[in-house]
Every structure is written in structure tokens, then in C-alpha cells.
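*Asks:* Okay, so here is structure22.txt, and as you'll see once you scroll down, it has compact mmCIF, N, CA and C atoms.
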# COMPACT_ATOMS: atom_id res chain seq x y z
N MET U 154 -0.73 -113.24 -80.18
CA MET U 154 0.14 -114.34 -80.53
C MET U 154 0.87 -114.78 -79.26
N LEU U 155 0.77 -116.05 -78.95
CA LEU U 155 1.31 -116.56 -77.69
C LEU U 155 2.00 -117.91 -77.90
N HIS U 156 3.15 -118.06 -77.24
CA HIS U 156 3.85 -119.34 -77.15
C HIS U 156 4.10 -119.60 -75.66
N THR U 157 3.71 -120.78 -75.17
CA THR U 157 3.99 -121.16 -73.79
C THR U 157 4.51 -122.58 -73.75
N LYS U 158 5.40 -122.84 -72.79
CA LYS U 158 5.95 -124.19 -72.68
C LYS U 158 6.66 -124.35 -71.34
N VAL U 159 6.54 -125.54 -70.78
CA VAL U 159 7.38 -125.96 -69.66
C VAL U 159 8.43 -126.88 -70.28
N VAL U 160 9.70 -126.55 -70.07
CA VAL U 160 10.80 -127.24 -70.74
C VAL U 160 11.55 -128.10 -69.74
N ASP U 161 11.55 -129.41 -69.97
CA ASP U 161 12.36 -130.31 -69.16
C ASP U 161 13.81 -130.13 -69.61
N ILE U 162 14.63 -129.64 -68.70
CA ILE U 162 15.99 -129.27 -69.10
C ILE U 162 16.87 -130.48 -69.40
N LYS U 163 16.38 -131.69 -69.11
CA LYS U 163 17.11 -132.89 -69.54
C LYS U 163 17.05 -133.01 -71.07
N ASP U 164 16.00 -132.43 -71.66
CA ASP U 164 15.80 -132.53 -73.10
C ASP U 164 16.31 -131.32 -73.87
N LYS U 165 16.23 -130.14 -73.24
CA LYS U 165 16.53 -128.90 -73.98
C LYS U 165 16.74 -127.76 -72.98
N LYS U 166 17.61 -126.84 -73.32
CA LYS U 166 17.82 -125.63 -72.52
C LYS U 166 16.92 -124.53 -73.06
N LEU U 167 16.57 -123.58 -72.19
CA LEU U 167 15.82 -122.41 -72.64
C LEU U 167 16.72 -121.56 -73.52
N SER U 168 16.12 -120.91 -74.53
CA SER U 168 16.91 -120.18 -75.51
C SER U 168 16.30 -118.82 -75.83
N ILE U 169 17.09 -117.78 -75.61
CA ILE U 169 16.68 -116.43 -76.00
C ILE U 169 16.50 -116.35 -77.52
N ILE U 170 17.28 -117.11 -78.25
CA ILE U 170 17.17 -117.11 -79.72
C ILE U 170 15.79 -117.61 -80.14
N ASP U 171 15.30 -118.67 -79.49
CA ASP U 171 13.95 -119.16 -79.79
C ASP U 171 12.90 -118.08 -79.51
N ALA U 172 13.07 -117.38 -78.40
CA ALA U 172 12.13 -116.31 -78.03
C ALA U 172 12.17 -115.19 -79.06
N GLU U 173 13.38 -114.82 -79.47
CA GLU U 173 13.52 -113.73 -80.45
C GLU U 173 12.86 -114.11 -81.78
N LYS U 174 13.05 -115.34 -82.22
CA LYS U 174 12.43 -115.78 -83.47
C LYS U 174 10.91 -115.70 -83.40
N PHE U 175 10.35 -116.08 -82.24
CA PHE U 175 8.90 -116.11 -82.10
C PHE U 175 8.28 -114.71 -82.13
N ILE U 176 8.90 -113.74 -81.44
CA ILE U 176 8.28 -112.42 -81.34
C ILE U 176 8.70 -111.46 -82.45
N SER U 177 9.66 -111.86 -83.25
CA SER U 177 10.18 -110.97 -84.29
C SER U 177 9.13 -110.65 -85.35
N SER U 178 8.87 -109.36 -85.54
CA SER U 178 7.89 -108.93 -86.54
C SER U 178 8.06 -107.43 -86.78
N SER U 179 7.87 -107.03 -88.00
CA SER U 179 7.92 -105.59 -88.30
C SER U 179 6.64 -104.89 -87.84
N ASP U 180 5.66 -105.65 -87.33
CA ASP U 180 4.45 -105.05 -86.77
C ASP U 180 4.73 -104.35 -85.44
N PHE U 181 5.82 -104.72 -84.79
CA PHE U 181 6.12 -104.23 -83.45
C PHE U 181 7.35 -103.35 -83.45
N GLY U 182 7.31 -102.30 -82.64
CA GLY U 182 8.45 -101.39 -82.53
C GLY U 182 9.27 -101.59 -81.28
N ALA U 183 8.79 -102.44 -80.35
CA ALA U 183 9.51 -102.64 -79.09
C ALA U 183 9.50 -104.10 -78.70
N SER U 184 10.64 -104.58 -78.26
CA SER U 184 10.77 -105.95 -77.75
C SER U 184 11.50 -105.91 -76.42
N ILE U 185 11.00 -106.71 -75.48
CA ILE U 185 11.62 -106.83 -74.16
C ILE U 185 11.90 -108.31 -73.92
N PHE U 186 13.10 -108.60 -73.45
CA PHE U 186 13.48 -109.96 -73.11
C PHE U 186 13.82 -110.01 -71.63
N PHE U 187 13.12 -110.86 -70.88
CA PHE U 187 13.41 -111.08 -69.47
C PHE U 187 13.87 -112.51 -69.31
N SER U 188 14.99 -112.69 -68.64
CA SER U 188 15.41 -114.05 -68.30
C SER U 188 15.75 -114.08 -66.82
N GLY U 189 15.19 -115.06 -66.15
CA GLY U 189 15.53 -115.30 -64.74
C GLY U 189 16.60 -116.35 -64.69
N THR U 190 17.63 -116.12 -63.89
CA THR U 190 18.73 -117.06 -63.79
C THR U 190 18.97 -117.46 -62.33
N VAL U 191 19.59 -118.60 -62.14
CA VAL U 191 19.89 -119.10 -60.81
C VAL U 191 21.06 -118.30 -60.23
N ARG U 192 20.80 -117.68 -59.07
CA ARG U 192 21.85 -116.89 -58.42
C ARG U 192 22.48 -117.69 -57.29
N ASN U 193 23.63 -117.21 -56.81
CA ASN U 193 24.42 -117.98 -55.85
C ASN U 193 24.09 -117.71 -54.38
N GLN U 194 23.19 -116.79 -54.09
CA GLN U 194 22.84 -116.47 -52.71
C GLN U 194 21.34 -116.29 -52.57
N ASN U 195 20.78 -116.76 -51.47
CA ASN U 195 19.39 -116.48 -51.14
C ASN U 195 19.22 -116.63 -49.63
N ASN U 196 18.64 -115.63 -49.00
CA ASN U 196 18.42 -115.66 -47.55
C ASN U 196 19.68 -116.01 -46.77
N ASN U 197 20.79 -115.38 -47.16
CA ASN U 197 22.09 -115.58 -46.49
C ASN U 197 22.60 -117.01 -46.57
N LYS U 198 22.19 -117.75 -47.59
CA LYS U 198 22.68 -119.10 -47.81
C LYS U 198 23.36 -119.15 -49.17
N SER U 199 24.44 -119.95 -49.26
CA SER U 199 25.14 -120.13 -50.53
C SER U 199 24.44 -121.20 -51.35
N VAL U 200 23.87 -120.79 -52.44
CA VAL U 200 23.11 -121.68 -53.32
C VAL U 200 24.04 -122.27 -54.37
N THR U 201 23.87 -123.58 -54.63
CA THR U 201 24.66 -124.23 -55.67
C THR U 201 23.81 -124.62 -56.89
N GLY U 202 22.50 -124.60 -56.73
CA GLY U 202 21.60 -124.92 -57.83
C GLY U 202 20.16 -124.92 -57.35
N ILE U 203 19.24 -125.06 -58.29
CA ILE U 203 17.82 -125.09 -57.97
C ILE U 203 17.15 -126.18 -58.80
N THR U 204 16.24 -126.91 -58.15
CA THR U 204 15.39 -127.85 -58.86
C THR U 204 14.00 -127.24 -58.94
N TYR U 205 13.47 -127.16 -60.16
CA TYR U 205 12.11 -126.66 -60.37
C TYR U 205 11.21 -127.85 -60.68
N ASP U 206 10.03 -127.82 -60.07
CA ASP U 206 9.00 -128.80 -60.39
C ASP U 206 7.72 -128.03 -60.64
N SER U 207 6.81 -128.64 -61.39
CA SER U 207 5.60 -127.91 -61.74
C SER U 207 4.48 -128.88 -62.11
N HIS U 208 3.29 -128.35 -62.06
CA HIS U 208 2.12 -129.05 -62.60
C HIS U 208 1.96 -128.47 -64.01
N ASP U 209 2.54 -129.14 -64.99
CA ASP U 209 2.71 -128.57 -66.32
C ASP U 209 1.42 -128.06 -66.96
N ALA U 210 0.37 -128.86 -66.91
CA ALA U 210 -0.89 -128.45 -67.55
C ALA U 210 -1.45 -127.19 -66.90
N LEU U 211 -1.36 -127.11 -65.57
CA LEU U 211 -1.86 -125.91 -64.88
C LEU U 211 -0.95 -124.71 -65.09
N VAL U 212 0.33 -124.95 -65.24
CA VAL U 212 1.26 -123.86 -65.55
C VAL U 212 0.90 -123.25 -66.90
N ILE U 213 0.72 -124.08 -67.90
CA ILE U 213 0.35 -123.58 -69.23
C ILE U 213 -0.97 -122.84 -69.16
N LYS U 214 -1.93 -123.38 -68.44
CA LYS U 214 -3.22 -122.72 -68.28
C LYS U 214 -3.04 -121.34 -67.64
N SER U 215 -2.21 -121.25 -66.61
CA SER U 215 -1.99 -119.96 -65.95
C SER U 215 -1.32 -118.97 -66.89
N PHE U 216 -0.37 -119.43 -67.69
CA PHE U 216 0.28 -118.54 -68.67
C PHE U 216 -0.75 -117.99 -69.66
N GLU U 217 -1.62 -118.87 -70.13
CA GLU U 217 -2.65 -118.45 -71.09
C GLU U 217 -3.63 -117.45 -70.45
N GLU U 218 -4.02 -117.72 -69.20
CA GLU U 218 -4.92 -116.79 -68.50
C GLU U 218 -4.28 -115.42 -68.31
N ILE U 219 -3.02 -115.40 -67.95
CA ILE U 219 -2.30 -114.14 -67.75
C ILE U 219 -2.24 -113.36 -69.06
N TYR U 220 -1.95 -114.05 -70.15
CA TYR U 220 -1.91 -113.42 -71.47
C TYR U 220 -3.28 -112.83 -71.82
N ASN U 221 -4.34 -113.60 -71.62
CA ASN U 221 -5.69 -113.13 -71.95
C ASN U 221 -6.13 -111.98 -71.07
N GLU U 222 -5.76 -112.01 -69.81
CA GLU U 222 -6.11 -110.91 -68.90
C GLU U 222 -5.44 -109.61 -69.29
N ALA U 223 -4.28 -109.70 -69.90
CA ALA U 223 -3.57 -108.49 -70.32
C ALA U 223 -4.43 -107.68 -71.29
N ASP U 224 -5.24 -108.36 -72.12
CA ASP U 224 -6.14 -107.66 -73.03
C ASP U 224 -7.09 -106.75 -72.26
N GLN U 225 -7.68 -107.29 -71.21
CA GLN U 225 -8.69 -106.54 -70.46
C GLN U 225 -8.06 -105.53 -69.51
N LYS U 226 -7.07 -105.96 -68.75
CA LYS U 226 -6.51 -105.10 -67.70
C LYS U 226 -5.55 -104.04 -68.24
N LEU U 227 -4.75 -104.41 -69.22
CA LEU U 227 -3.71 -103.49 -69.72
C LEU U 227 -4.09 -102.83 -71.03
N LYS U 228 -5.12 -103.34 -71.70
CA LYS U 228 -5.58 -102.79 -72.98
C LYS U 228 -4.50 -102.83 -74.06
N ILE U 229 -3.64 -103.87 -74.00
CA ILE U 229 -2.61 -104.05 -75.01
C ILE U 229 -3.08 -105.17 -75.93
N LYS U 230 -3.60 -104.80 -77.07
CA LYS U 230 -4.21 -105.79 -77.97
C LYS U 230 -3.19 -106.41 -78.92
N ASP U 231 -2.35 -105.59 -79.51
CA ASP U 231 -1.38 -106.08 -80.49
C ASP U 231 -0.09 -106.43 -79.76
N LYS U 232 0.17 -107.74 -79.66
CA LYS U 232 1.35 -108.17 -78.90
C LYS U 232 1.75 -109.59 -79.32
N ALA U 233 2.99 -109.89 -79.09
CA ALA U 233 3.50 -111.25 -79.21
C ALA U 233 4.17 -111.57 -77.88
N VAL U 234 3.87 -112.75 -77.34
CA VAL U 234 4.40 -113.13 -76.04
C VAL U 234 4.94 -114.55 -76.10
N PHE U 235 6.15 -114.71 -75.60
CA PHE U 235 6.84 -116.00 -75.52
C PHE U 235 7.14 -116.24 -74.04
N ILE U 236 6.66 -117.37 -73.50
CA ILE U 236 6.94 -117.70 -72.10
C ILE U 236 7.37 -119.16 -72.04
N GLU U 237 8.57 -119.39 -71.52
CA GLU U 237 9.02 -120.75 -71.24
C GLU U 237 9.63 -120.79 -69.85
N HIS U 238 9.31 -121.87 -69.12
CA HIS U 238 9.88 -122.07 -67.78
C HIS U 238 10.55 -123.43 -67.74
N ALA U 239 11.70 -123.49 -67.07
CA ALA U 239 12.45 -124.73 -66.95
C ALA U 239 11.86 -125.63 -65.88
N LYS U 240 12.07 -126.93 -66.07
CA LYS U 240 11.69 -127.94 -65.09
C LYS U 240 12.88 -128.88 -64.94
N GLY U 241 13.29 -129.11 -63.69
CA GLY U 241 14.45 -129.96 -63.44
C GLY U 241 15.53 -129.18 -62.71
N PHE U 242 16.72 -129.77 -62.62
CA PHE U 242 17.84 -129.15 -61.89
C PHE U 242 18.59 -128.17 -62.77
N LEU U 243 18.82 -126.97 -62.23
CA LEU U 243 19.60 -125.94 -62.92
C LEU U 243 20.80 -125.54 -62.07
N ASN U 244 21.94 -125.39 -62.72
CA ASN U 244 23.15 -124.90 -62.05
C ASN U 244 23.13 -123.38 -61.97
N LEU U 245 24.06 -122.84 -61.20
CA LEU U 245 24.20 -121.39 -61.10
C LEU U 245 24.34 -120.77 -62.49
N GLY U 246 23.64 -119.66 -62.69
CA GLY U 246 23.73 -118.93 -63.95
C GLY U 246 22.85 -119.45 -65.07
N GLU U 247 22.26 -120.62 -64.89
CA GLU U 247 21.39 -121.15 -65.95
C GLU U 247 20.04 -120.45 -65.92
N ILE U 248 19.39 -120.40 -67.08
CA ILE U 248 18.13 -119.68 -67.23
C ILE U 248 16.97 -120.56 -66.78
N SER U 249 16.13 -120.01 -65.88
CA SER U 249 14.96 -120.74 -65.39
C SER U 249 13.68 -120.30 -66.09
N ILE U 250 13.62 -119.06 -66.55
CA ILE U 250 12.43 -118.56 -67.23
C ILE U 250 12.84 -117.53 -68.27
N ILE U 251 12.14 -117.57 -69.39
CA ILE U 251 12.28 -116.53 -70.42
C ILE U 251 10.89 -115.99 -70.71
N ILE U 252 10.80 -114.67 -70.66
CA ILE U 252 9.58 -113.98 -71.09
C ILE U 252 10.03 -112.96 -72.13
N ALA U 253 9.50 -113.10 -73.32
CA ALA U 253 9.80 -112.13 -74.38
C ALA U 253 8.48 -111.56 -74.85
N VAL U 254 8.44 -110.24 -74.95
CA VAL U 254 7.22 -109.59 -75.43
C VAL U 254 7.57 -108.60 -76.52
N ALA U 255 6.68 -108.46 -77.46
CA ALA U 255 6.81 -107.45 -78.51
C ALA U 255 5.48 -106.73 -78.60
N CYS U 256 5.56 -105.41 -78.65
CA CYS U 256 4.38 -104.54 -78.74
C CYS U 256 4.70 -103.41 -79.70
N LYS U 257 3.69 -102.63 -80.01
CA LYS U 257 3.91 -101.50 -80.91
C LYS U 257 4.82 -100.44 -80.29
N HIS U 258 4.70 -100.24 -78.96
CA HIS U 258 5.44 -99.16 -78.29
C HIS U 258 6.17 -99.68 -77.06
N ARG U 259 7.27 -99.04 -76.69
CA ARG U 259 8.11 -99.51 -75.58
C ARG U 259 7.40 -99.47 -74.24
N ASP U 260 6.57 -98.46 -73.98
CA ASP U 260 5.89 -98.42 -72.69
C ASP U 260 4.97 -99.63 -72.53
N GLU U 261 4.30 -100.04 -73.59
CA GLU U 261 3.46 -101.23 -73.54
C GLU U 261 4.29 -102.48 -73.26
N ALA U 262 5.44 -102.58 -73.91
CA ALA U 262 6.29 -103.76 -73.76
C ALA U 262 6.81 -103.88 -72.32
N TYR U 263 7.24 -102.77 -71.74
CA TYR U 263 7.72 -102.80 -70.36
C TYR U 263 6.61 -103.19 -69.39
N VAL U 264 5.45 -102.58 -69.54
CA VAL U 264 4.32 -102.86 -68.65
C VAL U 264 3.89 -104.32 -68.78
N LEU U 265 3.77 -104.81 -70.00
CA LEU U 265 3.33 -106.18 -70.23
C LEU U 265 4.32 -107.19 -69.66
N SER U 266 5.60 -106.99 -69.90
CA SER U 266 6.62 -107.90 -69.40
C SER U 266 6.58 -107.98 -67.87
N ARG U 267 6.50 -106.83 -67.23
CA ARG U 267 6.45 -106.80 -65.76
C ARG U 267 5.17 -107.47 -65.24
N TYR U 268 4.06 -107.20 -65.88
CA TYR U 268 2.78 -107.80 -65.48
C TYR U 268 2.88 -109.33 -65.55
N ILE U 269 3.43 -109.84 -66.62
CA ILE U 269 3.51 -111.29 -66.81
C ILE U 269 4.36 -111.95 -65.72
N ILE U 270 5.55 -111.44 -65.46
CA ILE U 270 6.41 -112.09 -64.47
C ILE U 270 5.81 -112.01 -63.07
N GLU U 271 5.21 -110.89 -62.73
CA GLU U 271 4.62 -110.76 -61.39
C GLU U 271 3.44 -111.71 -61.23
N GLU U 272 2.62 -111.85 -62.25
CA GLU U 272 1.48 -112.76 -62.17
C GLU U 272 1.93 -114.22 -62.14
N ILE U 273 2.95 -114.56 -62.89
CA ILE U 273 3.48 -115.93 -62.85
C ILE U 273 3.96 -116.25 -61.44
N LYS U 274 4.70 -115.35 -60.83
CA LYS U 274 5.21 -115.58 -59.47
C LYS U 274 4.07 -115.78 -58.48
N LYS U 275 2.96 -115.09 -58.68
CA LYS U 275 1.83 -115.18 -57.76
C LYS U 275 0.97 -116.42 -58.00
N ARG U 276 0.82 -116.84 -59.26
CA ARG U 276 -0.26 -117.76 -59.61
C ARG U 276 0.14 -119.11 -60.18
N SER U 277 1.30 -119.21 -60.75
CA SER U 277 1.63 -120.45 -61.47
C SER U 277 2.16 -121.52 -60.51
N PRO U 278 1.67 -122.76 -60.64
CA PRO U 278 2.10 -123.85 -59.76
C PRO U 278 3.48 -124.39 -60.14
N ILE U 279 4.49 -123.59 -59.77
CA ILE U 279 5.89 -123.93 -60.01
C ILE U 279 6.57 -123.89 -58.65
N TRP U 280 7.27 -124.98 -58.32
CA TRP U 280 7.92 -125.08 -57.01
C TRP U 280 9.43 -125.11 -57.18
N LYS U 281 10.11 -124.56 -56.17
CA LYS U 281 11.54 -124.35 -56.26
C LYS U 281 12.24 -124.96 -55.04
N LYS U 282 13.18 -125.86 -55.31
CA LYS U 282 13.97 -126.48 -54.26
C LYS U 282 15.42 -126.00 -54.42
N GLU U 283 15.89 -125.27 -53.41
CA GLU U 283 17.27 -124.78 -53.47
C GLU U 283 18.23 -125.82 -52.91
N HIS U 284 19.41 -125.89 -53.52
CA HIS U 284 20.49 -126.77 -53.08
C HIS U 284 21.60 -125.85 -52.57
N TYR U 285 22.18 -126.22 -51.41
CA TYR U 285 23.17 -125.37 -50.75
C TYR U 285 24.53 -126.04 -50.67
N GLN U 286 25.56 -125.23 -50.40
CA GLN U 286 26.93 -125.73 -50.34
C GLN U 286 27.13 -126.83 -49.31
N ASN U 287 26.36 -126.82 -48.25
CA ASN U 287 26.52 -127.83 -47.20
C ASN U 287 25.73 -129.11 -47.49
N ASN U 288 25.33 -129.30 -48.73
CA ASN U 288 24.54 -130.46 -49.19
C ASN U 288 23.13 -130.51 -48.64
N GLU U 289 22.68 -129.43 -48.02
CA GLU U 289 21.28 -129.36 -47.59
C GLU U 289 20.44 -128.84 -48.75
N THR U 290 19.14 -129.08 -48.65
CA THR U 290 18.19 -128.57 -49.63
C THR U 290 16.99 -128.02 -48.89
N ASP U 291 16.23 -127.18 -49.57
CA ASP U 291 15.04 -126.60 -48.95
C ASP U 291 14.05 -126.21 -50.04
N TRP U 292 12.81 -126.73 -49.92
CA TRP U 292 11.74 -126.26 -50.81
C TRP U 292 11.34 -124.88 -50.33
N LEU U 293 11.37 -123.90 -51.20
CA LEU U 293 11.05 -122.54 -50.81
C LEU U 293 9.55 -122.33 -50.72
N LYS U 294 9.18 -121.49 -49.79
CA LYS U 294 7.77 -121.14 -49.64
C LYS U 294 7.36 -120.29 -50.83
N GLY U 295 6.26 -120.65 -51.44
CA GLY U 295 5.75 -119.88 -52.57
C GLY U 295 4.54 -119.08 -52.16
N ASN U 296 3.89 -118.54 -53.13
CA ASN U 296 2.64 -117.83 -52.90
C ASN U 296 1.48 -118.80 -53.02
N PRO U 297 0.50 -118.69 -52.16
CA PRO U 297 -0.68 -119.54 -52.33
C PRO U 297 -1.39 -119.16 -53.62
N ILE U 298 -1.96 -120.16 -54.28
CA ILE U 298 -2.70 -119.86 -55.51
C ILE U 298 -4.00 -119.16 -55.11
N GLN U 299 -4.18 -117.99 -55.67
CA GLN U 299 -5.35 -117.18 -55.34
C GLN U 299 -6.12 -116.89 -56.60
N TYR U 300 -7.42 -116.94 -56.50
CA TYR U 300 -8.27 -116.60 -57.61
C TYR U 300 -9.06 -115.37 -57.23
N GLU U 301 -8.94 -114.35 -58.04
CA GLU U 301 -9.67 -113.11 -57.79
C GLU U 301 -11.09 -113.25 -58.29
N LYS U 302 -12.00 -112.63 -57.57
CA LYS U 302 -13.38 -112.56 -58.05
C LYS U 302 -13.49 -111.33 -58.93
N ASN U 303 -13.94 -111.54 -60.13
CA ASN U 303 -14.06 -110.41 -61.07
C ASN U 303 -15.43 -109.80 -61.02
The structure in this file should be written as C-alpha cells.
*Replies:*
Amino acid sequence: MLHTKVVDIKDKKLSIIDAEKFISSSDFGASIFFSGTVRNQNNNKSVTGITYDSHDALVIKSFEEIYNEADQKLKIKDKAVFIEHAKGFLNLGEISIIIAVACKHRDEAYVLSRYIIEEIKKRSPIWKKEHYQNNETDWLKGNPIQYEKN
């Protein structure tokens, strides 16, 4: 069971409540909620906010691929996964990504949650522009999109 979405924050904020509703089931004994938030410092610079941009269709495709790969690589078959990423300008403390997973056991939930966020950071076409106190901005260097040969 999978939910994925890129959320334009002009229309809606990311919500842990939405994630909890999606993964809630008596089939699962463990739930993990990860939220990434905008912090005030990066590389010794005072950050005032971040603008996220993305190629939405490819982001959704990457989320789906990561979910499907978890079946093969992690052998976690019974799971519920909720992934939403923000698009647009976010202030300090606002949520940029929510990953919620539910599995039968806690070790599976921890492993799956960590796998998803690390793969998203490596593979999903999401770009981040930091805004600083001195009114400067900088697009941060990301990871090149890499495709593994299986």
C-alpha cells in the first residue's frame, strides 16, 4: 500500500495526521514517522528558508520505484508507506518531507524508513535553494541521478 505526492505548499501544508490516517491498520504492529524540517544553519550560513523545486512526475516515479525495490532488497512484503514532499518556499521549522511507514515489526519499520529517505536523497529530482540572512540565495549541490545495473 503506497501513497505518494508532491505538495505545492501554496495549496496545502504537509500533515503528519494525513500520514497517520493512511498507514493506520491493525495489520501492523509498528509505525515510524519521519519528517524533515527546515533548519536555521547549513555550512556555517544562517538560513532563513528554503525553496524546493522538482520534476513532479519523475519524483513520483522515483518514490514508486523505491517502494517496489524494498520488496526485493529488504524482503518487507507487508507494509504501508506514505511519502509526501513539499514544493515551494518553506520557512524555518516547516516540514519539507514526510515519510510514514507501517510494518508488522519495528525492525522492519526502522529499516524501511531509513532506506526510503536515503534513496530519495540519492535519486529523486528535487532541488533545494537556500535563502540566507544577508538576502543571498544558493542552489545546493545535489546528488547526480544514478541508475544501478541490476
*Asks:* Name the residues of range 161-281 of chain U that come out as strand (DSSP E or B) in a backbone DSSP run; write them as a ChimeraX atom specification.
*Replies:* /U:161,183-190,194-195,198-207,232-244,248-256,279-281
*Asks:* Go ahead and compute the interatomic distance for CA of Ala210 in chain U and CA of Glu173 in chain U, in Å to one decimal.
*Replies:* 24.3 Å
*Asks:* Expressed in Å to a single decimal, how great is the separation between atom C of Leu227 in chain U and CA of Leu265 in chain U?
*Replies:*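 Atom-to-atom, atom C of Leu227 in chain U and CA of Leu265 in chain U are spaced 8.2 Å apart.
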*Asks:* Compile the contact shell of range 181-189 of chain U as a PyMOL selection string: residues with an atom at most 6 Å away, counting only N, CA and C atoms, same-chain residues fewer than 2 positions apart removed.
*Replies:* chain U and resi 178-179+191+247-259+262
*Asks:* With only N, CA and C atoms as the basis for distance, which of U:Thr201, U:Ser266, U:Ser168, U:Thr190 is at the shortest distance from His284 in chain U?
*Replies:*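 Checking each candidate against His284 in chain U, we get U:Thr201 as the closest.
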*Asks:* List every residue of chain U that DSSP, applied to the backbone, labels as helix (DSSP H, G or I), and write the result as a PyMOL selection string.
*Replies:* chain U and resi 169-176+209-227+259-276
*Asks:* Do a neighbour search on Lys163 in chain U at 6.5 Å with only N, CA and C atoms, toss out local chain neighbours closer than 2 positions, and write the hits as a ChimeraX atom specification.
*Replies:* /U:160-161,165,240-241
*Asks:* Just give me the gap between CA of Ser277 in chain U and atom N of Glu289 in chain U in Å, one decimal is fine.
*Replies:*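 Interatomic distance, CA of Ser277 in chain U to atom N of Glu289 in chain U: 26.5 Å.
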*Asks:* Using only N, CA and C atoms, which residues sit within 6 Å of Lys158 in chain U once same-chain residues fewer than 2 positions away are excluded, as a list in words?
*Replies:*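 The residues satisfying every condition are His156, Val160, Ile236, Glu237 and His238 of chain U.
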*Asks:* For a quick check of understanding, using all atoms listed in the file, which of U:Asn287, U:His208, U:Lys274, U:Asp231 has the smallest distance to Asp180 in chain U?
*Replies:*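 Closest to Asp180 in chain U, using all atoms listed in the file: U:Asp231.
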*Asks:* Write out as an MDAnalysis selection string each polymer residue whose atoms come within 12 Å of Ile273 in chain U, counting only C-alpha atoms; drop sequence neighbours fewer than 2 positions from it.
*Replies:* chainID U and resid 211:220 236:238 250:252 266:271 275:280 295:299
*Asks:* Hey, could you pull the box centre and edge lengths for range 247-261 of chain U, axis-aligned, 3 Å padding per side, all listed atoms, to one decimal in Å, as AutoDock Vina command-line options?
*Replies:*
--center_x 12.9 --center_y -109.8 --center_z -72.9 --size_x 24.8 --size_y 28.7 --size_z 22.0
*Asks:* Anything within 7 Å of (22.9, -123.2, -59.8): list those residues as a list of chain:residue names, counting only C-alpha atoms and sticking to the file's coordinates.
*Replies:* U:Val191, U:Arg192, U:Asn193, U:Val200, U:Thr201, U:Gly202, U:Ile203, U:Leu243, U:Asn244, U:Leu245, U:Gly246, U:Glu247
*Asks:* Find, counting only N, CA and C atoms, the residue in U:Phe175, U:Tyr285, U:Phe242, U:Trp292 that gets nearest to Lys198 in chain U.
*Replies:*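 Using only N, CA and C atoms, the shortest distance to Lys198 in chain U belongs to U:Tyr285.
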*Asks:* Please complete range 221-232 of chain U with N, CA, C and O atoms and give it back as an mmCIF file, keeping the file's coordinate frame.
*Replies:*
data_model
loop_
_atom_site.group_PDB
_atom_site.id
_atom_site.type_symbol
_atom_site.label_atom_id
_atom_site.label_comp_id
_atom_site.auth_asym_id
_atom_site.auth_seq_id
_atom_site.Cartn_x
_atom_site.Cartn_y
_atom_site.Cartn_z
ATOM 1 N N ASN U 221 -4.340 -113.600 -71.620
ATOM 2 C CA ASN U 221 -5.690 -113.130 -71.950
ATOM 3 C C ASN U 221 -6.130 -111.980 -71.070
ATOM 4 O O ASN U 221 -6.818 -111.058 -71.529
ATOM 5 N N GLU U 222 -5.760 -112.010 -69.810
ATOM 6 C CA GLU U 222 -6.110 -110.910 -68.900
ATOM 7 C C GLU U 222 -5.440 -109.610 -69.290
ATOM 8 O O GLU U 222 -5.969 -108.531 -69.006
ATOM 9 N N ALA U 223 -4.280 -109.700 -69.900
ATOM 10 C CA ALA U 223 -3.570 -108.490 -70.320
ATOM 11 C C ALA U 223 -4.430 -107.680 -71.290
ATOM 12 O O ALA U 223 -4.386 -106.451 -71.283
ATOM 13 N N ASP U 224 -5.240 -108.360 -72.120
ATOM 14 C CA ASP U 224 -6.140 -107.660 -73.030
ATOM 15 C C ASP U 224 -7.090 -106.750 -72.260
ATOM 16 O O ASP U 224 -7.281 -105.584 -72.618
ATOM 17 N N GLN U 225 -7.680 -107.290 -71.210
ATOM 18 C CA GLN U 225 -8.690 -106.540 -70.460
ATOM 19 C C GLN U 225 -8.060 -105.530 -69.510
ATOM 20 O O GLN U 225 -8.487 -104.383 -69.447
ATOM 21 N N LYS U 226 -7.070 -105.960 -68.750
ATOM 22 C CA LYS U 226 -6.510 -105.100 -67.700
ATOM 23 C C LYS U 226 -5.550 -104.040 -68.240
ATOM 24 O O LYS U 226 -5.520 -102.925 -67.749
ATOM 25 N N LEU U 227 -4.750 -104.410 -69.220
ATOM 26 C CA LEU U 227 -3.710 -103.490 -69.720
ATOM 27 C C LEU U 227 -4.090 -102.830 -71.030
ATOM 28 O O LEU U 227 -3.421 -101.900 -71.459
ATOM 29 N N LYS U 228 -5.120 -103.340 -71.700
ATOM 30 C CA LYS U 228 -5.580 -102.790 -72.980
ATOM 31 C C LYS U 228 -4.500 -102.830 -74.060
ATOM 32 O O LYS U 228 -4.416 -101.966 -74.900
ATOM 33 N N ILE U 229 -3.640 -103.870 -74.000
ATOM 34 C CA ILE U 229 -2.610 -104.050 -75.010
ATOM 35 C C ILE U 229 -3.080 -105.170 -75.930
ATOM 36 O O ILE U 229 -2.979 -106.348 -75.593
ATOM 37 N N LYS U 230 -3.600 -104.800 -77.070
ATOM 38 C CA LYS U 230 -4.210 -105.790 -77.970
ATOM 39 C C LYS U 230 -3.190 -106.410 -78.920
ATOM 40 O O LYS U 230 -3.171 -107.605 -79.133
ATOM 41 N N ASP U 231 -2.350 -105.590 -79.510
ATOM 42 C CA ASP U 231 -1.380 -106.080 -80.490
ATOM 43 C C ASP U 231 -0.090 -106.430 -79.760
ATOM 44 O O ASP U 231 0.647 -105.541 -79.303
ATOM 45 N N LYS U 232 0.170 -107.740 -79.660
ATOM 46 C CA LYS U 232 1.350 -108.170 -78.900
ATOM 47 C C LYS U 232 1.750 -109.590 -79.320
ATOM 48 O O LYS U 232 0.923 -110.355 -79.815
#
